[in-house]
>>> print(open('run_11.cif').read())   # mmCIF, C-alpha atoms
data_target
#
loop_
_atom_site.label_atom_id
_atom_site.label_comp_id
_atom_site.auth_asym_id
_atom_site.auth_seq_id
_atom_site.Cartn_x
_atom_site.Cartn_y
_atom_site.Cartn_z
CA MET A 1 85.39 107.10 109.69
CA SER A 2 85.36 109.49 106.78
CA ILE A 3 88.47 109.82 104.64
CA ASP A 4 90.34 113.10 104.78
CA THR A 5 90.11 114.90 101.42
CA ILE A 6 93.79 115.86 101.32
CA ASP A 7 94.89 112.31 102.18
CA LEU A 8 92.58 110.98 99.51
CA TRP A 9 94.00 113.22 96.78
CA VAL A 10 97.58 112.52 97.85
CA VAL A 11 96.85 108.81 97.40
CA ILE A 12 94.92 109.19 94.12
CA ILE A 13 97.60 111.34 92.49
CA GLY A 14 100.53 109.49 94.07
CA LEU A 15 99.13 106.14 93.04
CA GLY A 16 98.40 107.43 89.54
CA LEU A 17 101.95 108.74 89.07
CA GLY A 18 103.51 105.72 90.76
CA SER A 19 101.53 103.27 88.65
CA PHE A 20 102.48 105.12 85.50
CA ALA A 21 106.13 105.05 86.57
CA LEU A 22 105.95 101.29 87.10
CA ARG A 23 104.39 100.83 83.65
CA PHE A 24 106.84 103.18 81.95
CA VAL A 25 110.08 102.27 83.69
CA PHE A 26 111.20 99.63 81.20
CA THR A 27 109.23 100.42 78.05
CA GLY A 28 110.18 104.06 78.30
CA LEU A 29 113.47 104.37 80.10
CA VAL A 30 115.47 101.20 80.49
CA GLY A 31 115.23 100.01 76.90
CA ASP A 32 115.59 96.29 76.31
CA ARG A 33 118.28 95.43 78.81
CA PRO A 34 117.00 92.27 80.51
CA LEU A 35 116.19 92.30 84.22
CA PRO A 36 118.09 90.06 86.62
CA ALA A 37 116.19 86.83 87.26
CA TRP A 38 115.90 87.38 91.02
CA VAL A 39 114.12 90.70 90.50
CA LEU A 40 111.58 89.14 88.14
CA ARG A 41 111.13 86.28 90.57
CA HIS A 42 110.17 88.64 93.39
CA LEU A 43 107.95 90.80 91.16
CA ARG A 44 105.98 87.67 90.26
CA TYR A 45 104.84 87.20 93.87
CA THR A 46 104.07 90.75 95.01
CA ALA A 47 100.34 90.75 94.32
CA VAL A 48 99.81 87.30 95.78
CA ALA A 49 101.85 88.32 98.85
CA VAL A 50 100.05 91.62 99.53
CA LEU A 51 96.37 90.89 98.80
CA PRO A 52 95.94 87.85 101.11
CA GLY A 53 97.58 89.77 103.96
CA LEU A 54 95.22 92.66 103.32
CA VAL A 55 92.08 90.54 103.28
CA ALA A 56 92.81 88.11 106.15
CA PRO A 57 92.12 90.54 109.04
CA LEU A 58 88.98 91.80 107.25
CA VAL A 59 87.60 88.24 107.22
CA VAL A 60 88.68 87.21 110.72
CA TRP A 61 87.73 90.47 112.44
CA PRO A 62 84.97 92.02 110.26
CA ALA A 63 84.36 95.69 111.00
CA ALA A 64 80.58 95.37 110.63
CA THR A 65 80.31 93.04 113.63
CA GLY A 66 82.66 95.09 115.76
CA GLY A 67 85.48 92.63 115.08
CA SER A 68 83.91 89.36 116.23
CA LEU A 69 83.95 86.33 113.98
CA ASP A 70 80.76 86.11 111.95
CA ALA A 71 79.42 82.90 110.37
CA PRO A 72 77.77 84.34 107.21
CA ARG A 73 80.83 86.45 106.39
CA MET A 74 83.22 83.58 107.06
CA ALA A 75 81.14 81.23 104.88
CA ALA A 76 81.03 83.84 102.10
CA ALA A 77 84.81 84.23 102.29
CA VAL A 78 85.42 80.48 102.05
CA VAL A 79 83.00 80.07 99.13
CA THR A 80 84.49 83.03 97.24
CA LEU A 81 88.07 81.86 97.65
CA ALA A 82 87.22 78.27 96.72
CA ALA A 83 85.19 79.37 93.68
CA GLY A 84 87.99 81.67 92.54
CA TYR A 85 90.57 78.94 92.99
CA PHE A 86 88.69 76.12 91.30
CA LEU A 87 86.72 77.99 88.63
CA ARG A 88 89.45 80.59 87.89
CA ASN A 89 86.72 83.12 87.27
CA MET A 90 86.70 86.27 89.37
CA ILE A 91 83.19 87.47 88.54
CA VAL A 92 81.53 84.09 89.16
CA ALA A 93 83.41 83.88 92.48
CA ILE A 94 82.12 87.33 93.52
CA LEU A 95 78.55 86.34 92.64
CA LEU A 96 78.73 83.04 94.55
CA GLY A 97 80.28 84.82 97.53
CA ALA A 98 77.56 87.47 97.55
CA LEU A 99 74.86 84.79 97.31
CA THR A 100 76.41 82.95 100.26
CA LEU A 101 76.62 86.14 102.30
CA TYR A 102 73.02 87.19 101.72
CA GLY A 103 71.78 83.61 102.15
CA GLY A 104 73.69 83.33 105.42
CA LEU A 105 72.49 86.70 106.68
CA ALA A 106 68.89 85.77 105.85
CA LEU A 107 69.21 82.46 107.71
CA THR A 108 70.89 83.89 110.81
CA GLY A 109 69.21 87.28 110.58
CA MET B 110 100.76 87.35 55.97
CA THR B 111 102.43 90.69 55.35
CA THR B 112 99.29 91.85 53.56
CA GLU B 113 97.43 92.58 56.80
CA THR B 114 96.21 96.14 56.71
CA THR B 115 96.45 98.50 59.64
CA LYS B 116 92.68 98.47 59.83
CA SER B 117 92.41 94.69 60.09
CA VAL B 118 95.14 94.61 62.74
CA TYR B 119 93.25 97.21 64.76
CA TRP B 120 90.03 95.18 64.58
CA GLN B 121 91.86 92.01 65.59
CA GLY B 122 92.84 93.90 68.73
CA VAL B 123 89.31 95.09 69.38
CA ARG B 124 88.00 91.55 68.91
CA ASP B 125 90.56 90.10 71.33
CA GLY B 126 89.85 92.78 73.92
CA ALA B 127 86.06 92.63 73.70
CA PRO B 128 85.45 89.50 75.84
CA PHE B 129 87.11 91.28 78.79
CA ILE B 130 84.18 93.72 78.88
CA LEU B 131 82.39 91.00 80.85
CA VAL B 132 85.03 91.32 83.58
CA ILE B 133 85.66 95.05 83.38
CA VAL B 134 82.05 96.18 83.66
CA PRO B 135 81.09 94.49 86.96
CA PHE B 136 84.54 95.15 88.45
CA SER B 137 84.51 98.88 87.76
CA LEU B 138 80.85 99.11 88.73
CA LEU B 139 81.73 97.58 92.07
CA PHE B 140 84.62 100.00 92.56
CA GLY B 141 82.28 102.91 91.91
CA VAL B 142 79.75 101.63 94.43
CA VAL B 143 82.30 100.76 97.13
CA ALA B 144 84.16 104.07 96.74
CA THR B 145 80.93 106.02 97.13
CA GLU B 146 80.07 103.94 100.19
CA ALA B 147 83.48 104.90 101.61
CA GLY B 148 82.49 108.55 101.27
CA LEU B 149 84.16 109.56 97.99
CA ASN B 150 82.19 111.85 95.70
CA VAL B 151 81.63 111.08 92.02
CA PHE B 152 84.55 113.22 90.81
CA GLU B 153 87.00 111.66 93.29
CA THR B 154 85.84 108.15 92.38
CA LEU B 155 86.17 108.73 88.65
CA SER B 156 89.58 110.39 89.06
CA PHE B 157 90.76 107.27 90.86
CA SER B 158 89.84 105.06 87.91
CA VAL B 159 91.17 107.42 85.23
CA LEU B 160 94.51 108.14 86.91
CA VAL B 161 95.25 104.67 88.22
CA ILE B 162 93.37 102.17 85.95
CA ALA B 163 94.30 99.18 88.10
CA GLY B 164 91.44 97.57 90.00
CA ALA B 165 93.35 95.65 92.67
CA ALA B 166 95.51 98.65 93.59
CA GLN B 167 92.50 100.97 93.68
CA PHE B 168 90.63 98.63 96.03
CA THR B 169 93.73 98.26 98.21
CA ALA B 170 94.21 102.00 98.59
CA LEU B 171 90.53 102.51 99.29
CA GLN B 172 90.43 99.81 101.97
CA LEU B 173 93.48 101.17 103.78
CA LEU B 174 92.20 104.76 103.68
CA THR B 175 88.89 103.56 105.10
CA ASP B 176 90.83 101.80 107.89
CA GLY B 177 92.46 105.12 108.69
CA ALA B 178 95.93 103.93 107.68
CA PRO B 179 98.54 106.66 107.07
CA THR B 180 98.68 107.84 103.45
CA VAL B 181 102.24 106.52 103.04
CA ILE B 182 101.14 103.02 103.99
CA ALA B 183 98.11 103.19 101.68
CA LEU B 184 100.34 104.34 98.82
CA VAL B 185 103.15 101.84 99.35
CA SER B 186 100.77 98.90 99.73
CA ALA B 187 98.76 99.80 96.63
CA LEU B 188 101.94 100.32 94.61
CA ALA B 189 103.21 96.95 95.81
CA VAL B 190 100.04 95.38 94.41
CA ASN B 191 100.86 97.11 91.14
CA LEU B 192 104.50 96.00 90.94
CA ARG B 193 103.46 93.43 88.36
CA MET B 194 103.04 96.35 85.94
CA ALA B 195 106.83 96.75 85.99
CA MET B 196 107.06 93.12 84.97
CA TYR B 197 104.67 93.73 82.06
CA SER B 198 106.67 96.78 81.09
CA ALA B 199 109.90 94.77 81.07
CA SER B 200 108.35 92.06 78.97
CA LEU B 201 106.80 94.46 76.42
CA THR B 202 109.99 96.46 75.98
CA PRO B 203 111.59 94.27 73.27
CA TRP B 204 108.36 94.62 71.24
CA LEU B 205 107.52 98.29 71.76
CA GLY B 206 110.95 99.73 72.49
CA GLN B 207 111.37 101.24 69.00
CA ALA B 208 108.20 103.36 69.22
CA SER B 209 108.45 107.11 69.78
CA LEU B 210 108.60 108.41 73.34
CA GLY B 211 105.03 109.69 73.18
CA GLN B 212 103.71 106.39 71.86
CA ARG B 213 105.60 104.49 74.54
CA ALA B 214 104.18 106.79 77.23
CA LEU B 215 100.65 106.24 75.91
CA ALA B 216 101.18 102.47 75.72
CA ALA B 217 102.56 102.53 79.28
CA TYR B 218 99.48 104.33 80.57
CA PHE B 219 97.27 101.68 78.92
CA THR B 220 99.33 98.70 80.15
CA VAL B 221 96.78 96.70 82.14
CA ASP B 222 96.44 92.97 82.79
CA GLN B 223 94.24 92.43 79.73
CA SER B 224 96.14 94.51 77.18
CA TYR B 225 99.41 92.96 78.28
CA ALA B 226 98.08 89.41 78.11
CA CYS B 227 96.62 89.82 74.61
CA ALA B 228 99.59 91.74 73.23
CA ILE B 229 102.34 89.42 74.37
CA VAL B 230 100.59 86.36 72.92
CA LYS B 231 99.93 88.12 69.60
CA PHE B 232 103.42 89.64 69.26
CA GLU B 233 105.12 86.31 69.86
CA ARG B 234 102.86 84.68 67.28
CA ASN B 235 103.52 87.42 64.69
CA PRO B 236 107.21 88.25 65.02
CA HIS B 237 107.21 89.77 61.49
CA TRP B 238 104.85 92.60 62.58
CA ASP B 239 106.47 96.03 62.41
CA ILE B 240 106.22 98.51 65.26
CA SER B 241 103.22 100.33 63.81
CA ARG B 242 101.21 97.07 63.56
CA ARG B 243 102.15 96.16 67.12
CA LEU B 244 101.04 99.55 68.45
CA THR B 245 97.85 99.43 66.38
CA TYR B 246 96.98 96.02 67.76
CA PHE B 247 97.78 97.11 71.33
CA PHE B 248 95.52 100.15 71.11
CA GLY B 249 92.86 97.98 69.45
CA VAL B 250 92.78 95.73 72.53
CA VAL B 251 92.58 98.74 74.82
CA THR B 252 89.67 100.31 72.91
CA PRO B 253 86.83 98.20 74.36
CA ILE B 254 88.49 97.89 77.79
CA CYS B 255 89.69 101.19 79.25
CA PRO B 256 86.74 103.44 78.24
CA MET B 257 84.42 100.85 79.82
CA TRP B 258 86.54 100.98 82.98
CA TYR B 259 85.95 104.73 83.27
CA ALA B 260 82.30 104.62 82.20
CA PHE B 261 81.20 101.94 84.62
CA THR B 262 83.14 103.44 87.51
CA LEU B 263 81.00 106.49 86.88
CA VAL B 264 77.80 104.44 86.70
CA GLY B 265 78.80 102.67 89.94
CA ALA B 266 79.45 105.97 91.68
CA LEU B 267 76.09 107.37 90.59
CA VAL B 268 74.25 104.19 91.58
CA GLY B 269 76.21 103.81 94.83
CA ALA B 270 75.05 107.18 96.08
CA LYS B 271 71.48 105.86 95.91
CA ILE B 272 71.99 102.45 97.56
CA PRO B 273 70.60 102.38 101.11
CA GLY B 274 72.72 101.14 104.03
CA GLY B 275 72.19 97.72 105.62
CA LEU B 276 73.05 95.81 102.44
CA ALA B 277 76.20 94.35 104.05
CA LEU B 278 78.31 96.24 101.53
CA ASP B 279 81.05 96.27 104.18
CA PHE B 280 81.90 92.83 102.86
CA ALA B 281 81.97 93.74 99.15
CA LEU B 282 85.67 94.55 99.38
CA PRO B 283 86.81 91.35 101.12
CA ILE B 284 84.78 89.28 98.66
CA THR B 285 86.31 91.12 95.71
CA PHE B 286 89.84 90.59 97.03
CA LEU B 287 89.22 86.91 97.69
CA ALA B 288 87.81 86.46 94.19
CA MET B 289 90.97 88.06 92.79
CA ILE B 290 93.27 85.91 94.93
CA GLY B 291 91.72 82.53 93.99
CA PRO B 292 92.79 82.55 90.33
CA MET B 293 96.26 83.88 91.29
CA LEU B 294 97.10 80.69 93.20
CA ARG B 295 98.50 78.87 90.18
CA THR B 296 101.57 77.12 91.64
CA PRO B 297 102.80 75.81 95.00
CA ALA B 298 104.99 78.91 95.19
CA HIS B 299 101.94 81.20 94.88
CA LEU B 300 100.10 79.14 97.50
CA ALA B 301 103.05 79.36 99.89
CA ALA B 302 103.36 83.12 99.37
CA ALA B 303 99.65 83.62 100.10
CA PHE B 304 99.70 81.35 103.15
CA VAL B 305 102.71 83.10 104.71
CA SER B 306 101.18 86.49 103.93
CA VAL B 307 97.92 85.58 105.72
CA THR B 308 99.72 84.15 108.75
CA VAL B 309 102.11 87.07 109.16
CA ALA B 310 99.33 89.62 108.61
CA LEU B 311 97.21 88.06 111.37
CA VAL B 312 100.13 87.71 113.79
CA PHE B 313 101.28 91.30 113.20
CA ALA B 314 97.79 92.81 112.96
CA GLY B 315 98.52 94.76 116.15
CA LEU B 316 101.41 96.74 114.64
CA PRO B 317 100.66 100.46 114.35
CA TYR B 318 100.04 102.23 110.98
CA ASN B 319 98.99 98.96 109.28
CA LEU B 320 102.68 98.09 109.08
CA GLY B 321 101.71 94.44 109.53
CA LEU B 322 100.60 94.39 105.89
CA LEU B 323 104.02 95.51 104.64
CA VAL B 324 105.74 92.89 106.79
CA ALA B 325 103.30 90.29 105.45
CA GLY B 326 103.89 91.42 101.86
CA LEU B 327 107.68 91.18 102.19
CA ALA B 328 107.47 87.80 103.90
CA GLY B 329 105.06 86.44 101.29
CA MET B 330 107.12 87.75 98.38
CA THR B 331 110.34 86.27 99.71
CA THR B 332 108.59 82.97 100.39
CA GLY B 333 107.19 82.78 96.84
CA ALA B 334 110.60 83.48 95.30
CA ARG B 335 112.37 80.97 97.59
CA VAL B 336 109.83 78.20 96.97
CA GLU B 337 110.14 78.77 93.23
CA VAL B 338 113.91 78.35 93.40
CA VAL B 339 113.69 75.23 95.55
CA LEU B 340 111.08 73.61 93.29
CA GLU B 341 113.07 74.40 90.16
CA ARG B 342 116.19 72.95 91.68
CA ARG B 343 114.31 69.83 92.69
CA ALA B 344 112.77 69.48 89.21
CA ALA B 345 116.21 69.89 87.64
CA GLY B 346 117.68 67.33 90.06
CA ALA B 347 114.98 64.81 89.25
CA GLY B 348 115.64 65.11 85.54
CA PRO B 349 118.13 63.06 83.52
#
>>> encode(input="run_11.cif", output="structure tokens")
Amino acid sequence: MSIDTIDLWVVIIGLGLGSFALRFVFTGLVGDRPLPAWVLRHLRYTAVAVLPGLVAPLVVWPAATGGSLDAPRMAAAVVTLAAGYFLRNMIVAILLGALTLYGGLALTG
Amino acid sequence: MTTETTKSVYWQGVRDGAPFILVIVPFSLLFGVVATEAGLNVFETLSFSVLVIAGAAQFTALQLLTDGAPTVIALVSALAVNLRMAMYSASLTPWLGQASLGQRALAAYFTVDQSYACAIVKFERNPHWDISRRLTYFFGVVTPICPMWYAFTLVGALVGAKIPGGLALDFALPITFLAMIGPMLRTPAHLAAAFVSVTVALVFAGLPYNLGLLVAGLAGMTTGARVEVVLERRAAGAGP
């Protein structure tokens, strides 16, 4: 499953230009006309609407196990999400999740 | 306090940006490692971080490319994750709008979660600051953050090439995403958006070209916005 070089560069450059456009669109072009409230309201929820949908299949059907539910990975996912939610600290959540994963793999290994 | 010198304003920015090094270093290191694991070479990995400087979007694009999703889907999904940058841009405009075009372009390139968060707090607290102080502060915040983002992506890529397989790095990405999502769930509207997104993504996982993710994103976004409106209306109704 190696990534095609052309596809990769299309995404790197496209994402670079697109991200710059998103950052520049108001500061650079629109000036200080205010945005309609409904647009801002939808912008507020884009990240929290895309990322969970991206991660859910990866947790439920992990590629490493050929798509079958896996206890150490599931436990790591639950611990990471809970730690992120309650501690509000991304790096601590990653560390706790990794500890859970390696602990679980060692136990079930 | 109109006596603040340009130099002191710059160092205020650096000081406010510095604590974020603790977040930036492991995050970019991880991106470097994961990208190398996905088969990117050092130059490709570093280009990603320099051109995009947005962790969540970079991880999203990388994951979808690894899944073999079409480039359009990878691009659209990663840009959707980055739509919040447009929100930052809109909110910085009243403060930075008078700068020259070149300065605005440079500030736009360096608009990341951390520089935005520091700047907006500082600008609102110091409304008397002129445009040159605002820009100086903004670039002060960026100084410890963005170079570290590039540098540790590079370190991660160099280290990643040497890490043996079998370390369960397949799950580094899901764990990173989950750790990002946790702190985002600040309100019932965010929780509802995330819940709908997960449900729709799992139900539509069979759609070709990873289109299920776009459906999930739209459904989650609409849900978040609707719940916000309903809750505000209810709060207003409950008031005097």
>>> closest_atom_pairs(input="run_11.cif", of="chain B", to="chain A", cutoff="7 Å", atoms="all atoms listed in the file", output="tab-separated table")
residue	atom	partner	partner_atom	distance
B:Val132	CA	A:Ile91	CA	6.5
B:Gly148	CA	A:Ser2	CA	6.3
B:Phe157	CA	A:Ile12	CA	5.6
B:Leu160	CA	A:Gly16	CA	4.7
B:Val161	CA	A:Gly16	CA	4.4
B:Leu174	CA	A:Ile3	CA	6.4
B:Thr175	CA	A:Ile3	CA	6.3
B:Thr180	CA	A:Asp7	CA	6.0
B:Leu184	CA	A:Val11	CA	5.8
B:Leu188	CA	A:Leu15	CA	6.7
B:Ala189	CA	A:Thr46	CA	6.3
B:Val190	CA	A:Ala47	CA	4.6
B:Asn191	CA	A:Ser19	CA	6.7
B:Leu192	CA	A:Leu43	CA	6.2
B:Arg193	CA	A:Leu43	CA	5.9
B:Met194	CA	A:Arg23	CA	5.2
B:Ala195	CA	A:Leu22	CA	4.8
B:Met196	CA	A:Leu43	CA	6.7
B:Ser198	CA	A:Arg23	CA	5.3
B:Ala199	CA	A:Phe26	CA	5.0
B:Leu201	CA	A:Thr27	CA	6.6
B:Thr202	CA	A:Thr27	CA	4.5
B:Pro203	CA	A:Asp32	CA	5.4
B:Leu205	CA	A:Thr27	CA	6.9
B:Gly206	CA	A:Thr27	CA	5.9
B:Leu210	CA	A:Gly28	CA	6.8
B:Arg213	CA	A:Gly28	CA	5.9
B:Ala214	CA	A:Phe24	CA	6.5
B:Ala217	CA	A:Arg23	CA	5.0
B:Tyr218	CA	A:Phe20	CA	5.8
B:Thr220	CA	A:Arg23	CA	6.5
B:Asp279	CA	A:Ala64	CA	6.5
B:Pro283	CA	A:Val55	CA	5.8
B:Ile284	CA	A:Ile94	CA	6.1
B:Thr285	CA	A:Ile94	CA	6.1
B:Phe286	CA	A:Val55	CA	6.6
B:Leu287	CA	A:Leu81	CA	5.2
B:Ala288	CA	A:Met90	CA	4.9
B:Met289	CA	A:Met90	CA	5.8
B:Ile290	CA	A:Val48	CA	6.7
B:Gly291	CA	A:Tyr85	CA	3.9
B:Pro292	CA	A:Arg88	CA	4.6
B:Met293	CA	A:Val48	CA	6.7
B:Leu294	CA	A:Tyr85	CA	6.8
B:His299	CA	A:Val48	CA	6.5
B:Ala302	CA	A:Ala49	CA	5.4
B:Ala303	CA	A:Ala49	CA	5.3
B:Ser306	CA	A:Gly53	CA	4.9
B:Val307	CA	A:Gly53	CA	4.6
B:Ala310	CA	A:Gly53	CA	5.0
B:Leu311	CA	A:Pro57	CA	6.1
B:Leu322	CA	A:Gly53	CA	5.8
B:Ala325	CA	A:Gly53	CA	5.9
B:Gly326	CA	A:Val50	CA	4.5
B:Gly329	CA	A:Ala49	CA	4.4
B:Met330	CA	A:Tyr45	CA	5.1
B:Thr331	CA	A:His42	CA	6.8
B:Gly333	CA	A:Tyr45	CA	5.8
B:Ala334	CA	A:His42	CA	5.5
>>> write_last_selection(input="run_11.cif", atoms="C-alpha atoms", output="mmCIF file, in the frame of the given file")
data_model
loop_
_atom_site.group_PDB
_atom_site.id
_atom_site.type_symbol
_atom_site.label_atom_id
_atom_site.label_comp_id
_atom_site.auth_asym_id
_atom_site.auth_seq_id
_atom_site.Cartn_x
_atom_site.Cartn_y
_atom_site.Cartn_z
ATOM 1 C CA VAL B 132 85.030 91.320 83.580
ATOM 2 C CA GLY B 148 82.490 108.550 101.270
ATOM 3 C CA PHE B 157 90.760 107.270 90.860
ATOM 4 C CA LEU B 160 94.510 108.140 86.910
ATOM 5 C CA VAL B 161 95.250 104.670 88.220
ATOM 6 C CA LEU B 174 92.200 104.760 103.680
ATOM 7 C CA THR B 175 88.890 103.560 105.100
ATOM 8 C CA THR B 180 98.680 107.840 103.450
ATOM 9 C CA LEU B 184 100.340 104.340 98.820
ATOM 10 C CA LEU B 188 101.940 100.320 94.610
ATOM 11 C CA ALA B 189 103.210 96.950 95.810
ATOM 12 C CA VAL B 190 100.040 95.380 94.410
ATOM 13 C CA ASN B 191 100.860 97.110 91.140
ATOM 14 C CA LEU B 192 104.500 96.000 90.940
ATOM 15 C CA ARG B 193 103.460 93.430 88.360
ATOM 16 C CA MET B 194 103.040 96.350 85.940
ATOM 17 C CA ALA B 195 106.830 96.750 85.990
ATOM 18 C CA MET B 196 107.060 93.120 84.970
ATOM 19 C CA SER B 198 106.670 96.780 81.090
ATOM 20 C CA ALA B 199 109.900 94.770 81.070
ATOM 21 C CA LEU B 201 106.800 94.460 76.420
ATOM 22 C CA THR B 202 109.990 96.460 75.980
ATOM 23 C CA PRO B 203 111.590 94.270 73.270
ATOM 24 C CA LEU B 205 107.520 98.290 71.760
ATOM 25 C CA GLY B 206 110.950 99.730 72.490
ATOM 26 C CA LEU B 210 108.600 108.410 73.340
ATOM 27 C CA ARG B 213 105.600 104.490 74.540
ATOM 28 C CA ALA B 214 104.180 106.790 77.230
ATOM 29 C CA ALA B 217 102.560 102.530 79.280
ATOM 30 C CA TYR B 218 99.480 104.330 80.570
ATOM 31 C CA THR B 220 99.330 98.700 80.150
ATOM 32 C CA ASP B 279 81.050 96.270 104.180
ATOM 33 C CA PRO B 283 86.810 91.350 101.120
ATOM 34 C CA ILE B 284 84.780 89.280 98.660
ATOM 35 C CA THR B 285 86.310 91.120 95.710
ATOM 36 C CA PHE B 286 89.840 90.590 97.030
ATOM 37 C CA LEU B 287 89.220 86.910 97.690
ATOM 38 C CA ALA B 288 87.810 86.460 94.190
ATOM 39 C CA MET B 289 90.970 88.060 92.790
ATOM 40 C CA ILE B 290 93.270 85.910 94.930
ATOM 41 C CA GLY B 291 91.720 82.530 93.990
ATOM 42 C CA PRO B 292 92.790 82.550 90.330
ATOM 43 C CA MET B 293 96.260 83.880 91.290
ATOM 44 C CA LEU B 294 97.100 80.690 93.200
ATOM 45 C CA HIS B 299 101.940 81.200 94.880
ATOM 46 C CA ALA B 302 103.360 83.120 99.370
ATOM 47 C CA ALA B 303 99.650 83.620 100.100
ATOM 48 C CA SER B 306 101.180 86.490 103.930
ATOM 49 C CA VAL B 307 97.920 85.580 105.720
ATOM 50 C CA ALA B 310 99.330 89.620 108.610
ATOM 51 C CA LEU B 311 97.210 88.060 111.370
ATOM 52 C CA LEU B 322 100.600 94.390 105.890
ATOM 53 C CA ALA B 325 103.300 90.290 105.450
ATOM 54 C CA GLY B 326 103.890 91.420 101.860
ATOM 55 C CA GLY B 329 105.060 86.440 101.290
ATOM 56 C CA MET B 330 107.120 87.750 98.380
ATOM 57 C CA THR B 331 110.340 86.270 99.710
ATOM 58 C CA GLY B 333 107.190 82.780 96.840
ATOM 59 C CA ALA B 334 110.600 83.480 95.300
#
>>> closest_residue(input="run_11.cif", among="B:Phe152, B:Val324, B:Gly126, B:Ala226", to="B:Pro256", atoms="only C-alpha atoms")
B:Gly126
>>> atom_distance(input="run_11.cif", atom1="atom CA of B:Pro273", atom2="atom CA of B:Val159")
26.5 Å
>>> atom_distance(input="run_11.cif", atom1="atom CA of B:Glu341", atom2="atom CA of B:Val230")
24.4 Å
>>> axis_aligned_box(input="run_11.cif", around="stretch 242-248 of chain B", padding_each_side="5 Å", output="AutoDock Vina command-line options")
--center_x 98.8 --center_y 98.1 --center_z 67.4 --size_x 16.6 --size_y 14.1 --size_z 17.8
>>> atom_distance(input="run_11.cif", atom1="atom CA of B:Leu320", atom2="atom CA of B:Val181")
10.4 Å
>>> resolve_selection(input="run_11.cif", expression="the PyMOL selection byres ((chain B and resi 158) around 10)", output="list in words")
Ile12 and Gly16 of chain A; Ser137, Phe140, Gly141, Glu153, Thr154, Leu155, Ser156, Phe157, Val159, Leu160, Val161, Ile162, Ala163, Gly164, Gln167, Cys255, Trp258, Tyr259, Ala260, Phe261, Thr262 and Leu263 of chain B
>>> resolve_selection(input="run_11.cif", expression="the PyMOL selection byres ((chain B and resi 251) around 10)", output="PyMOL selection string")
chain B and resi 122-123+125-127+216+219-221+223-225+227+245-250+252-257
>>> resolve_selection(input="run_11.cif", expression="the PyMOL selection byres ((chain B and resi 240) around 10)", output="ChimeraX atom specification")
/B:204-209,237-239,241-246
>>> build_atoms(input="run_11.cif", residues="stretch 127-138 of chain B", atoms="N, CA and C atoms", output="mmCIF file, keeping the file's coordinate frame")
data_model
loop_
_atom_site.group_PDB
_atom_site.id
_atom_site.type_symbol
_atom_site.label_atom_id
_atom_site.label_comp_id
_atom_site.auth_asym_id
_atom_site.auth_seq_id
_atom_site.Cartn_x
_atom_site.Cartn_y
_atom_site.Cartn_z
ATOM 1 N N ALA B 127 87.499 92.545 73.402
ATOM 2 C CA ALA B 127 86.060 92.630 73.700
ATOM 3 C C ALA B 127 85.551 91.679 74.793
ATOM 4 N N PRO B 128 86.001 90.397 74.811
ATOM 5 C CA PRO B 128 85.450 89.500 75.840
ATOM 6 C C PRO B 128 85.716 90.007 77.265
ATOM 7 N N PHE B 129 86.775 90.803 77.442
ATOM 8 C CA PHE B 129 87.110 91.280 78.790
ATOM 9 C C PHE B 129 86.090 92.294 79.316
ATOM 10 N N ILE B 130 85.234 92.797 78.419
ATOM 11 C CA ILE B 130 84.180 93.720 78.880
ATOM 12 C C ILE B 130 83.363 93.059 79.981
ATOM 13 N N LEU B 131 83.169 91.737 79.858
ATOM 14 C CA LEU B 131 82.390 91.000 80.850
ATOM 15 C C LEU B 131 83.020 91.051 82.239
ATOM 16 N N VAL B 132 84.342 91.225 82.292
ATOM 17 C CA VAL B 132 85.030 91.320 83.580
ATOM 18 C C VAL B 132 85.088 92.776 84.042
ATOM 19 N N ILE B 133 85.416 93.644 83.078
ATOM 20 C CA ILE B 133 85.660 95.050 83.380
ATOM 21 C C ILE B 133 84.406 95.741 83.907
ATOM 22 N N VAL B 134 83.271 95.462 83.294
ATOM 23 C CA VAL B 134 82.050 96.180 83.660
ATOM 24 C C VAL B 134 81.653 95.936 85.122
ATOM 25 N N PRO B 135 81.468 94.667 85.548
ATOM 26 C CA PRO B 135 81.090 94.490 86.960
ATOM 27 C C PRO B 135 82.163 94.964 87.932
ATOM 28 N N PHE B 136 83.438 94.791 87.558
ATOM 29 C CA PHE B 136 84.540 95.150 88.450
ATOM 30 C C PHE B 136 84.573 96.658 88.689
ATOM 31 N N SER B 137 84.452 97.427 87.613
ATOM 32 C CA SER B 137 84.510 98.880 87.760
ATOM 33 C C SER B 137 83.234 99.413 88.414
ATOM 34 N N LEU B 138 82.124 98.756 88.093
ATOM 35 C CA LEU B 138 80.850 99.110 88.730
ATOM 36 C C LEU B 138 80.977 98.962 90.243
#
